[in-house]
Each structure stands twice: as structure tokens, then as C-alpha cells.
$ cat final_4.cif   # mmCIF, C-alpha atoms
data_start
loop_
_atom_site.label_atom_id
_atom_site.label_comp_id
_atom_site.auth_asym_id
_atom_site.auth_seq_id
_atom_site.Cartn_x
_atom_site.Cartn_y
_atom_site.Cartn_z
CA LYS A 264 50.95 11.81 -21.14
CA GLN A 265 53.08 12.62 -18.12
CA GLU A 266 54.14 16.26 -17.88
CA VAL A 267 56.57 17.68 -15.34
CA THR A 268 56.61 21.37 -14.46
CA GLN A 269 59.20 23.20 -12.39
CA ILE A 270 58.63 26.57 -10.77
CA PRO A 271 60.31 29.00 -10.71
CA ALA A 272 62.32 28.81 -13.94
CA ALA A 273 65.07 30.92 -12.36
CA LEU A 274 65.90 32.03 -8.84
CA SER A 275 68.54 34.38 -7.41
CA VAL A 276 69.28 34.44 -3.69
CA PRO A 277 72.02 35.77 -1.41
CA GLU A 278 74.35 33.32 0.28
CA GLY A 279 72.99 31.77 3.45
CA GLU A 280 69.34 31.86 2.47
CA ASN A 281 67.12 28.77 2.70
CA LEU A 282 65.14 28.07 -0.45
CA VAL A 283 62.54 25.76 -1.97
CA LEU A 284 62.31 24.52 -5.55
CA ASN A 285 59.00 23.16 -6.75
CA CYS A 286 58.13 20.31 -9.08
CA SER A 287 54.69 19.11 -10.16
CA PHE A 288 53.64 16.18 -12.33
CA THR A 289 50.32 15.35 -13.97
CA ASP A 290 50.16 11.55 -13.56
CA SER A 291 50.53 10.21 -10.02
CA ALA A 292 51.32 6.69 -11.29
CA ILE A 293 55.07 6.99 -10.87
CA TYR A 294 57.71 4.53 -9.68
CA ASN A 295 60.00 7.10 -8.13
CA LEU A 296 61.17 10.70 -8.42
CA GLN A 297 64.72 11.96 -8.75
CA TRP A 298 66.28 15.38 -8.32
CA PHE A 299 69.40 16.18 -10.34
CA ARG A 300 71.86 19.02 -10.55
CA GLN A 301 73.36 20.16 -13.87
CA ASP A 302 76.29 22.55 -14.14
CA PRO A 303 76.70 24.50 -17.43
CA GLY A 304 77.98 22.29 -20.23
CA LYS A 305 78.05 19.22 -17.99
CA GLY A 306 76.07 16.06 -17.46
CA LEU A 307 73.59 15.46 -14.66
CA THR A 308 74.50 14.63 -11.07
CA SER A 309 71.94 12.73 -9.03
CA LEU A 310 71.03 14.43 -5.74
CA LEU A 311 68.18 12.44 -4.25
CA LEU A 312 65.83 9.61 -5.22
CA ILE A 313 62.46 9.20 -3.53
CA GLN A 314 60.54 5.97 -4.03
CA SER A 315 56.80 6.34 -4.62
CA SER A 316 56.09 4.87 -1.17
CA GLN A 317 58.32 7.42 0.59
CA ARG A 318 57.51 10.93 1.74
CA GLU A 319 60.97 12.46 1.90
CA GLN A 320 64.70 11.95 1.57
CA THR A 321 67.56 13.93 3.05
CA SER A 322 71.20 14.33 2.07
CA GLY A 323 73.27 16.93 3.88
CA ARG A 324 71.71 20.36 3.32
CA LEU A 325 69.18 18.94 0.86
CA ASN A 326 65.73 17.63 1.68
CA ALA A 327 63.27 16.42 -0.93
CA SER A 328 59.62 15.69 -0.25
CA LEU A 329 57.07 13.81 -2.31
CA ASP A 330 53.28 14.04 -2.23
CA LYS A 331 52.34 11.54 -4.90
CA SER A 332 48.58 11.97 -4.61
CA SER A 333 48.77 15.68 -5.33
CA GLY A 334 51.56 15.31 -7.89
CA ARG A 335 54.08 17.50 -6.11
CA SER A 336 57.66 17.42 -4.92
CA THR A 337 59.83 20.06 -3.33
CA LEU A 338 63.60 20.35 -2.97
CA TYR A 339 64.65 22.31 0.08
CA ILE A 340 68.19 23.70 0.19
CA ALA A 341 69.38 24.95 3.56
CA ALA A 342 71.99 27.67 4.06
CA SER A 343 72.66 28.13 0.34
CA GLN A 344 76.24 28.64 -0.89
CA PRO A 345 77.64 30.07 -4.17
CA GLY A 346 78.70 26.52 -5.07
CA ASP A 347 75.02 25.56 -5.16
CA SER A 348 74.58 27.69 -8.29
CA ALA A 349 73.40 25.32 -11.05
CA THR A 350 70.26 24.11 -12.80
CA TYR A 351 68.15 21.72 -10.73
CA LEU A 352 66.09 19.16 -12.61
CA CYS A 353 63.19 17.09 -11.33
CA ALA A 354 62.35 13.79 -13.06
CA VAL A 355 59.68 11.15 -12.49
CA ASN A 356 60.20 7.51 -13.39
CA ASN A 357 57.17 6.17 -15.25
CA GLN A 358 55.15 3.39 -13.67
CA ALA A 359 56.97 0.72 -15.67
CA GLY A 360 60.29 2.11 -14.45
CA THR A 361 61.64 2.42 -17.96
CA ALA A 362 62.02 6.16 -18.52
CA LEU A 363 62.61 9.39 -16.66
CA ILE A 364 60.38 12.30 -17.65
CA PHE A 365 62.10 15.60 -16.87
CA GLY A 366 60.98 19.12 -16.13
CA LYS A 367 62.78 22.05 -17.75
CA GLY A 368 64.65 22.83 -14.56
CA THR A 369 65.14 25.73 -12.18
CA THR A 370 68.34 27.74 -12.63
CA LEU A 371 69.63 28.82 -9.24
CA SER A 372 72.14 31.61 -8.69
CA VAL A 373 73.56 32.14 -5.19
CA SER A 374 75.53 35.35 -4.73
CA SER A 375 78.24 35.84 -2.13
CA GLY B 85 85.17 3.85 -9.65
CA ALA B 86 84.72 4.95 -13.23
CA GLY B 87 81.49 6.67 -14.14
CA VAL B 88 79.55 6.63 -17.39
CA SER B 89 81.69 7.72 -20.31
CA GLN B 90 80.60 8.91 -23.74
CA THR B 91 82.54 9.41 -26.94
CA PRO B 92 83.03 11.62 -28.79
CA SER B 93 82.44 14.64 -26.58
CA ASN B 94 81.67 16.72 -29.65
CA LYS B 95 80.59 15.72 -33.14
CA VAL B 96 80.06 18.05 -36.07
CA THR B 97 78.55 16.57 -39.20
CA GLU B 98 76.81 17.64 -42.35
CA LYS B 99 73.14 17.22 -43.08
CA GLY B 100 72.44 13.79 -44.54
CA LYS B 101 75.44 12.05 -42.98
CA TYR B 102 75.43 9.03 -40.66
CA VAL B 103 76.74 9.29 -37.08
CA GLU B 104 77.43 6.90 -34.24
CA LEU B 105 77.58 7.91 -30.60
CA ARG B 106 79.08 5.58 -28.00
CA CYS B 107 78.27 5.01 -24.33
CA ASP B 108 80.26 3.02 -21.77
CA PRO B 109 78.07 2.44 -18.70
CA ILE B 110 79.20 1.80 -15.16
CA SER B 111 80.41 -1.79 -14.86
CA GLY B 112 77.69 -4.12 -13.64
CA HIS B 113 74.80 -1.81 -14.48
CA THR B 114 72.17 -3.77 -16.38
CA ALA B 115 69.99 -0.80 -17.29
CA LEU B 116 71.13 1.74 -19.89
CA TYR B 117 69.28 4.78 -21.20
CA TRP B 118 69.70 7.34 -23.95
CA TYR B 119 68.28 10.86 -23.68
CA ARG B 120 68.76 14.01 -25.70
CA GLN B 121 68.74 17.55 -24.41
CA SER B 122 68.13 20.73 -26.35
CA LEU B 123 69.13 24.15 -25.06
CA GLY B 124 66.96 25.31 -22.19
CA GLN B 125 65.08 22.02 -21.98
CA GLY B 126 65.21 19.02 -19.71
CA PRO B 127 66.51 15.74 -21.13
CA GLU B 128 64.06 13.84 -23.35
CA PHE B 129 63.92 10.04 -23.13
CA LEU B 130 64.88 8.09 -26.25
CA ILE B 131 65.44 4.41 -25.41
CA TYR B 132 65.99 2.03 -22.50
CA PHE B 133 67.98 -1.22 -22.56
CA GLN B 134 67.70 -3.99 -20.00
CA GLY B 135 70.72 -6.15 -20.72
CA THR B 136 71.08 -6.59 -24.47
CA GLY B 137 67.48 -5.89 -25.43
CA ALA B 138 65.70 -2.61 -26.01
CA ALA B 139 62.92 -2.84 -23.42
CA ASP B 140 61.41 0.56 -24.27
CA ASP B 141 62.17 2.44 -27.50
CA SER B 142 59.06 4.61 -27.40
CA GLY B 143 61.10 7.82 -27.27
CA LEU B 144 62.94 7.35 -30.56
CA PRO B 145 61.60 10.17 -32.76
CA ASN B 146 61.61 8.25 -36.07
CA ASP B 147 63.22 5.33 -37.89
CA ARG B 148 66.42 7.28 -38.59
CA PHE B 149 67.37 6.64 -34.96
CA PHE B 150 68.56 3.22 -33.84
CA ALA B 151 70.52 1.95 -30.84
CA VAL B 152 72.24 -1.32 -29.99
CA ARG B 153 73.81 -2.93 -26.94
CA PRO B 154 75.04 -6.27 -28.31
CA GLU B 155 76.89 -7.58 -25.25
CA GLY B 156 74.87 -5.90 -22.54
CA SER B 157 77.53 -3.31 -21.78
CA VAL B 158 78.62 -0.68 -24.34
CA SER B 159 75.83 0.91 -26.36
CA THR B 160 75.88 2.77 -29.66
CA LEU B 161 73.25 5.27 -30.78
CA LYS B 162 73.09 5.47 -34.56
CA ILE B 163 71.50 8.29 -36.51
CA GLN B 164 71.01 8.01 -40.27
CA ARG B 165 70.49 10.87 -42.72
CA THR B 166 71.07 13.48 -40.03
CA GLU B 167 68.96 16.64 -40.06
CA ARG B 168 69.68 20.05 -38.54
CA GLY B 169 66.92 19.38 -36.00
CA ASP B 170 68.95 16.46 -34.63
CA SER B 171 71.45 18.93 -33.16
CA ALA B 172 71.41 18.48 -29.38
CA VAL B 173 73.37 17.00 -26.50
CA TYR B 174 72.91 13.24 -26.38
CA LEU B 175 73.12 11.88 -22.85
CA CYS B 176 73.61 8.31 -21.74
CA ALA B 177 72.76 7.01 -18.27
CA SER B 178 73.05 3.68 -16.51
CA SER B 179 71.65 2.19 -13.32
CA LEU B 180 71.99 -1.03 -11.38
CA THR B 181 68.37 -1.89 -12.10
CA ASN B 182 65.69 0.16 -13.81
CA THR B 183 64.32 1.52 -10.54
CA ASP B 184 67.62 2.64 -9.04
CA THR B 185 69.39 5.97 -9.32
CA GLN B 186 70.42 6.78 -12.88
CA TYR B 187 74.00 7.98 -13.36
CA PHE B 188 74.62 10.19 -16.36
CA GLY B 189 77.60 10.59 -18.62
CA PRO B 190 78.94 13.99 -19.74
CA GLY B 191 77.09 13.79 -23.06
CA THR B 192 77.96 14.11 -26.74
CA ARG B 193 77.21 17.47 -28.32
CA LEU B 194 76.01 16.79 -31.88
CA THR B 195 75.94 19.65 -34.37
CA VAL B 196 74.42 19.07 -37.79
CA LEU B 197 75.38 21.76 -40.29
#

$ encode --input "final_4.cif" --output "C-alpha cells"
Amino acid sequence: KQEVTQIPAALSVPEGENLVLNCSFTDSAIYNLQWFRQDPGKGLTSLLLIQSSQREQTSGRLNASLDKSSGRSTLYIAASQPGDSATYLCAVNNQAGTALIFGKGTTLSVSS
Amino acid sequence: GAGVSQTPSNKVTEKGKYVELRCDPISGHTALYWYRQSLGQGPEFLIYFQGTGAADDSGLPNDRFFAVRPEGSVSTLKIQRTERGDSAVYLCASSLTNTDTQYFGPGTRLTVL
């Protein structure tokens, strides 16, 4: 059974710092991996999708990497801002492409 | 364009009652998913529709849960004989195909008293 783990569970940084969020998964047979952002009481906003054949994806200050063989992904946030404060969720799409399996998330707080 | 919408935004019901939760996906998206999220947890997969058919319902916890998508667009999640443990936020997502980015709605917060 696929399990997704995110470390750390919570992170507090001062504005301007670069940071890395970690995601690991137990079964490397995935179709793709997605990173989401969730603000309190809100739905999920997709940040990046990495196909299983890709190594990384970039969008603005965000860069996500994927090492499928070792079951790891990282989300790098450059020059963090208070507006980046949210919970970041990692999810892997099972091999059939029918379901996302989520981690519990990392709650990020960026102070000004 | 319009995103995924869900109604109602909040639903309070009593134990043993029947509830229906509605999801309007993004127009043209063939894939539709239901998840539920408990406090402090990531979303948990319930069911996936490709068009009108449930292609994967392996996440439904028991036979009190049922979902339909009769015309391949709007979907309804139905919960019979609700229990207090059913209290959660129910999220709907849609995507162009099942391997594309999933776009989530704001969720329905279900509280069973």
C-alpha cells in the first residue's frame, strides 16, 4: 500500500529565506507527483505536477524535483514571503492514474 | 473560467440521516474525483469517475457511501445513515484526463451531530 510521508510537519522561517520541503513515498510505481498548497479553511491549489519520466519542474520561485527510484521529491521555495504561509501537500498518482495518495502536509509560516 | 464548485459549503445533520453533496466540475473535464479530509490529515481518496462510470471506487469506506455522475458532468456523493465519524471536509476535484493536474473545489464541511 502506497504511503506518503512529508517532513517536517511544520516549519517557521523569516522572510527572504530559501527553504526545502521533503516528500517520500514507499512505492515507486507512480504515474506522476503533484504539489499543492492549502490555505486554512480552503480547498487545494495545484502548484506543480511532475510526470514520472521527469526529474524536475519549475514555476516562478518554486522548483520541484523527483527521484522516483528512491521514492523522494522536494519542493524548493526561493526567497520566501509571508504570503507563502500555508500547508503544502505532496501527492502521488497511483500507477493506474486513478487516485492521488496524499501526505499529511507541511505547515509553513513565513514571518516578516 | 469557472473552477470546480461544490454545494453546500456547510452541512450539519443528525446521526442516521441521509445527505447528498454536489460537485460541478470544470467544463470539459472528463475525470472527476471525490476525497475527504479530516483535521490535520491530507485528503483521502474515495472514488474516481471517467465520464459517467465509476472507474475506481476502492476508497469508499463502506456501502453507506455511493456516488453518481449520470451525464458525465455534475456528480453527487450520497451518504446513508450518517455516523459521527463521517464528519469531515468532502473535496471534489476534476481534471482534463486522469493523468493531468487535478483542480479542487472549496469543499463541503459535513458535521454529523

$ closest_atom_pairs --input "final_4.cif" --of "chain B" --to "chain A" --cutoff "12 Å" --atoms "only C-alpha atoms" --output "Markdown table"
| residue | atom | partner | partner_atom | distance |
| --- | --- | --- | --- | --- |
| B:Gly87 | CA | A:Thr308 | CA | 11.0 |
| B:Val88 | CA | A:Gly306 | CA | 10.1 |
| B:Ser89 | CA | A:Gly306 | CA | 10.5 |
| B:Gln90 | CA | A:Gly306 | CA | 10.5 |
| B:Ser93 | CA | A:Lys305 | CA | 10.7 |
| B:Asn94 | CA | A:Gly304 | CA | 11.5 |
| B:Ala115 | CA | A:Thr361 | CA | 9.0 |
| B:Leu116 | CA | A:Thr361 | CA | 9.7 |
| B:Tyr117 | CA | A:Ala362 | CA | 7.9 |
| B:Trp118 | CA | A:Ala362 | CA | 9.5 |
| B:Tyr119 | CA | A:Leu363 | CA | 9.1 |
| B:Arg120 | CA | A:Phe365 | CA | 11.2 |
| B:Gln121 | CA | A:Lys367 | CA | 10.0 |
| B:Ser122 | CA | A:Lys367 | CA | 10.2 |
| B:Leu123 | CA | A:Lys367 | CA | 9.9 |
| B:Gly124 | CA | A:Lys367 | CA | 6.9 |
| B:Gln125 | CA | A:Lys367 | CA | 4.8 |
| B:Gly126 | CA | A:Lys367 | CA | 4.4 |
| B:Pro127 | CA | A:Phe365 | CA | 6.1 |
| B:Glu128 | CA | A:Ile364 | CA | 7.0 |
| B:Phe129 | CA | A:Ala362 | CA | 6.3 |
| B:Leu130 | CA | A:Ala362 | CA | 8.5 |
| B:Ile131 | CA | A:Ala362 | CA | 7.9 |
| B:Tyr132 | CA | A:Thr361 | CA | 6.3 |
| B:Phe133 | CA | A:Thr361 | CA | 8.6 |
| B:Gln134 | CA | A:Thr361 | CA | 9.1 |
| B:Ala138 | CA | A:Thr361 | CA | 10.3 |
| B:Ala139 | CA | A:Thr361 | CA | 7.7 |
| B:Asp140 | CA | A:Thr361 | CA | 6.6 |
| B:Asp141 | CA | A:Thr361 | CA | 9.6 |
| B:Ser142 | CA | A:Ala362 | CA | 9.5 |
| B:Gly143 | CA | A:Ala362 | CA | 9.0 |
| B:Ala172 | CA | A:Gly304 | CA | 11.9 |
| B:Val173 | CA | A:Gly304 | CA | 9.4 |
| B:Tyr174 | CA | A:Gly306 | CA | 9.9 |
| B:Leu175 | CA | A:Gly306 | CA | 7.4 |
| B:Cys176 | CA | A:Gly306 | CA | 9.2 |
| B:Ala177 | CA | A:Leu307 | CA | 9.2 |
| B:Ser178 | CA | A:Ala362 | CA | 11.5 |
| B:Ser179 | CA | A:Thr361 | CA | 11.0 |
| B:Thr181 | CA | A:Gly360 | CA | 9.3 |
| B:Asn182 | CA | A:Gly360 | CA | 5.8 |
| B:Thr183 | CA | A:Gly360 | CA | 5.6 |
| B:Asp184 | CA | A:Leu312 | CA | 8.1 |
| B:Thr185 | CA | A:Leu312 | CA | 6.5 |
| B:Gln186 | CA | A:Ser309 | CA | 7.2 |
| B:Tyr187 | CA | A:Ser309 | CA | 6.7 |
| B:Phe188 | CA | A:Leu307 | CA | 5.6 |
| B:Gly189 | CA | A:Gly306 | CA | 5.8 |
| B:Pro190 | CA | A:Gly306 | CA | 4.2 |
| B:Gly191 | CA | A:Gly306 | CA | 6.1 |
| B:Thr192 | CA | A:Gly306 | CA | 9.7 |
| B:Arg193 | CA | A:Gly304 | CA | 9.4 |

$ closest_residue --input "final_4.cif" --among "A:Val373, A:Cys286, A:Val276, A:Ser315" --to "A:Gln344" --atoms "all atoms listed in the file"
A:Val373

$ resolve_selection --input "final_4.cif" --expression "the PyMOL selection byres ((chain A and resi 316-329) around 6)" --output "PyMOL selection string"
chain A and resi 314-315+330-331+336-341

$ write_last_selection --input "final_4.cif" --atoms "C-alpha atoms" --output "CSV table (one decimal), in the frame of the given file"
chain,number,residue,atom,x,y,z
A,314,GLN,CA,60.5,6.0,-4.0
A,315,SER,CA,56.8,6.3,-4.6
A,330,ASP,CA,53.3,14.0,-2.2
A,331,LYS,CA,52.3,11.5,-4.9
A,336,SER,CA,57.7,17.4,-4.9
A,337,THR,CA,59.8,20.1,-3.3
A,338,LEU,CA,63.6,20.4,-3.0
A,339,TYR,CA,64.6,22.3,0.1
A,340,ILE,CA,68.2,23.7,0.2
A,341,ALA,CA,69.4,25.0,3.6

$ closest_residue --input "final_4.cif" --among "A:Thr369, A:Lys264, A:Glu278, A:Ala349" --to "A:Ser291" --atoms "all atoms listed in the file"
A:Lys264

$ atom_distance --input "final_4.cif" --atom1 "atom CA of A:Val355" --atom2 "atom CA of B:Phe149"
24.2 Å

$ resolve_selection --input "final_4.cif" --expression "the PyMOL selection byres ((chain B and resi 165) around 9)" --output "mmCIF file with C-alpha atoms, in the coordinates of the input"
data_model
loop_
_atom_site.group_PDB
_atom_site.id
_atom_site.type_symbol
_atom_site.label_atom_id
_atom_site.label_comp_id
_atom_site.auth_asym_id
_atom_site.auth_seq_id
_atom_site.Cartn_x
_atom_site.Cartn_y
_atom_site.Cartn_z
ATOM 1 C CA LYS B 99 73.140 17.220 -43.080
ATOM 2 C CA GLY B 100 72.440 13.790 -44.540
ATOM 3 C CA LYS B 101 75.440 12.050 -42.980
ATOM 4 C CA TYR B 102 75.430 9.030 -40.660
ATOM 5 C CA VAL B 103 76.740 9.290 -37.080
ATOM 6 C CA ARG B 148 66.420 7.280 -38.590
ATOM 7 C CA ILE B 163 71.500 8.290 -36.510
ATOM 8 C CA GLN B 164 71.010 8.010 -40.270
ATOM 9 C CA THR B 166 71.070 13.480 -40.030
ATOM 10 C CA GLU B 167 68.960 16.640 -40.060
#

$ atom_distance --input "final_4.cif" --atom1 "atom CA of B:Arg106" --atom2 "atom CA of B:Gly156"
13.4 Å

$ resolve_selection --input "final_4.cif" --expression "the PyMOL selection byres ((chain B and resi 152) around 8)" --output "PyMOL selection string"
chain B and resi 136+138+150-151+153-154+159-161

$ atom_distance --input "final_4.cif" --atom1 "atom CA of A:Ala272" --atom2 "atom CA of A:Arg335"
16.0 Å

$ axis_aligned_box --input "final_4.cif" --around "stretch 96-113 of chain B" --padding-each-side "3 Å" --output "lines of an AutoDock Vina configuration file"
center_x = 76.4
center_y = 7.0
center_z = -29.1
size_x = 14.0
size_y = 28.2
size_z = 36.9

$ build_atoms --input "final_4.cif" --residues "stretch 312-325 of chain A" --atoms "N, CA, C and O atoms" --output "compact mmCIF listing (two decimals), in the frame of the given file"
# COMPACT_ATOMS: atom_id res chain seq x y z
N LEU A 312 66.87 10.44 -4.61
CA LEU A 312 65.83 9.61 -5.22
C LEU A 312 64.81 9.29 -4.16
O LEU A 312 65.18 8.86 -3.06
N ILE A 313 63.54 9.53 -4.47
CA ILE A 313 62.46 9.20 -3.53
C ILE A 313 61.59 8.14 -4.18
O ILE A 313 61.06 8.35 -5.28
N GLN A 314 61.44 7.01 -3.53
CA GLN A 314 60.54 5.97 -4.03
C GLN A 314 59.10 6.44 -3.85
O GLN A 314 58.80 7.27 -2.99
N SER A 315 58.19 5.89 -4.64
CA SER A 315 56.80 6.34 -4.62
C SER A 315 56.14 6.12 -3.26
O SER A 315 55.18 6.81 -2.91
N SER A 316 56.66 5.17 -2.48
CA SER A 316 56.09 4.87 -1.17
C SER A 316 56.66 5.76 -0.07
O SER A 316 56.20 5.70 1.08
N GLN A 317 57.67 6.58 -0.41
CA GLN A 317 58.32 7.42 0.59
C GLN A 317 57.77 8.84 0.56
O GLN A 317 57.20 9.28 -0.45
N ARG A 318 57.98 9.56 1.66
CA ARG A 318 57.51 10.93 1.74
C ARG A 318 58.65 11.93 1.59
O ARG A 318 58.44 13.05 1.14
N GLU A 319 59.86 11.55 2.02
CA GLU A 319 60.97 12.46 1.90
C GLU A 319 62.30 11.73 1.97
O GLU A 319 62.38 10.58 2.42
N GLN A 320 63.33 12.43 1.49
CA GLN A 320 64.70 11.95 1.57
C GLN A 320 65.59 13.14 1.89
O GLN A 320 65.33 14.26 1.46
N THR A 321 66.65 12.86 2.64
CA THR A 321 67.56 13.93 3.05
C THR A 321 68.99 13.53 2.73
O THR A 321 69.38 12.36 2.88
N SER A 322 69.77 14.53 2.28
CA SER A 322 71.20 14.33 2.07
C SER A 322 71.89 15.64 2.38
O SER A 322 71.79 16.61 1.61
N GLY A 323 72.57 15.71 3.50
CA GLY A 323 73.27 16.93 3.88
C GLY A 323 72.31 18.10 4.02
O GLY A 323 71.35 18.04 4.78
N ARG A 324 72.56 19.16 3.26
CA ARG A 324 71.71 20.36 3.32
C ARG A 324 70.47 20.25 2.43
O ARG A 324 69.70 21.22 2.33
N LEU A 325 70.30 19.13 1.78
CA LEU A 325 69.18 18.94 0.86
C LEU A 325 68.11 18.06 1.47
O LEU A 325 68.43 17.05 2.10
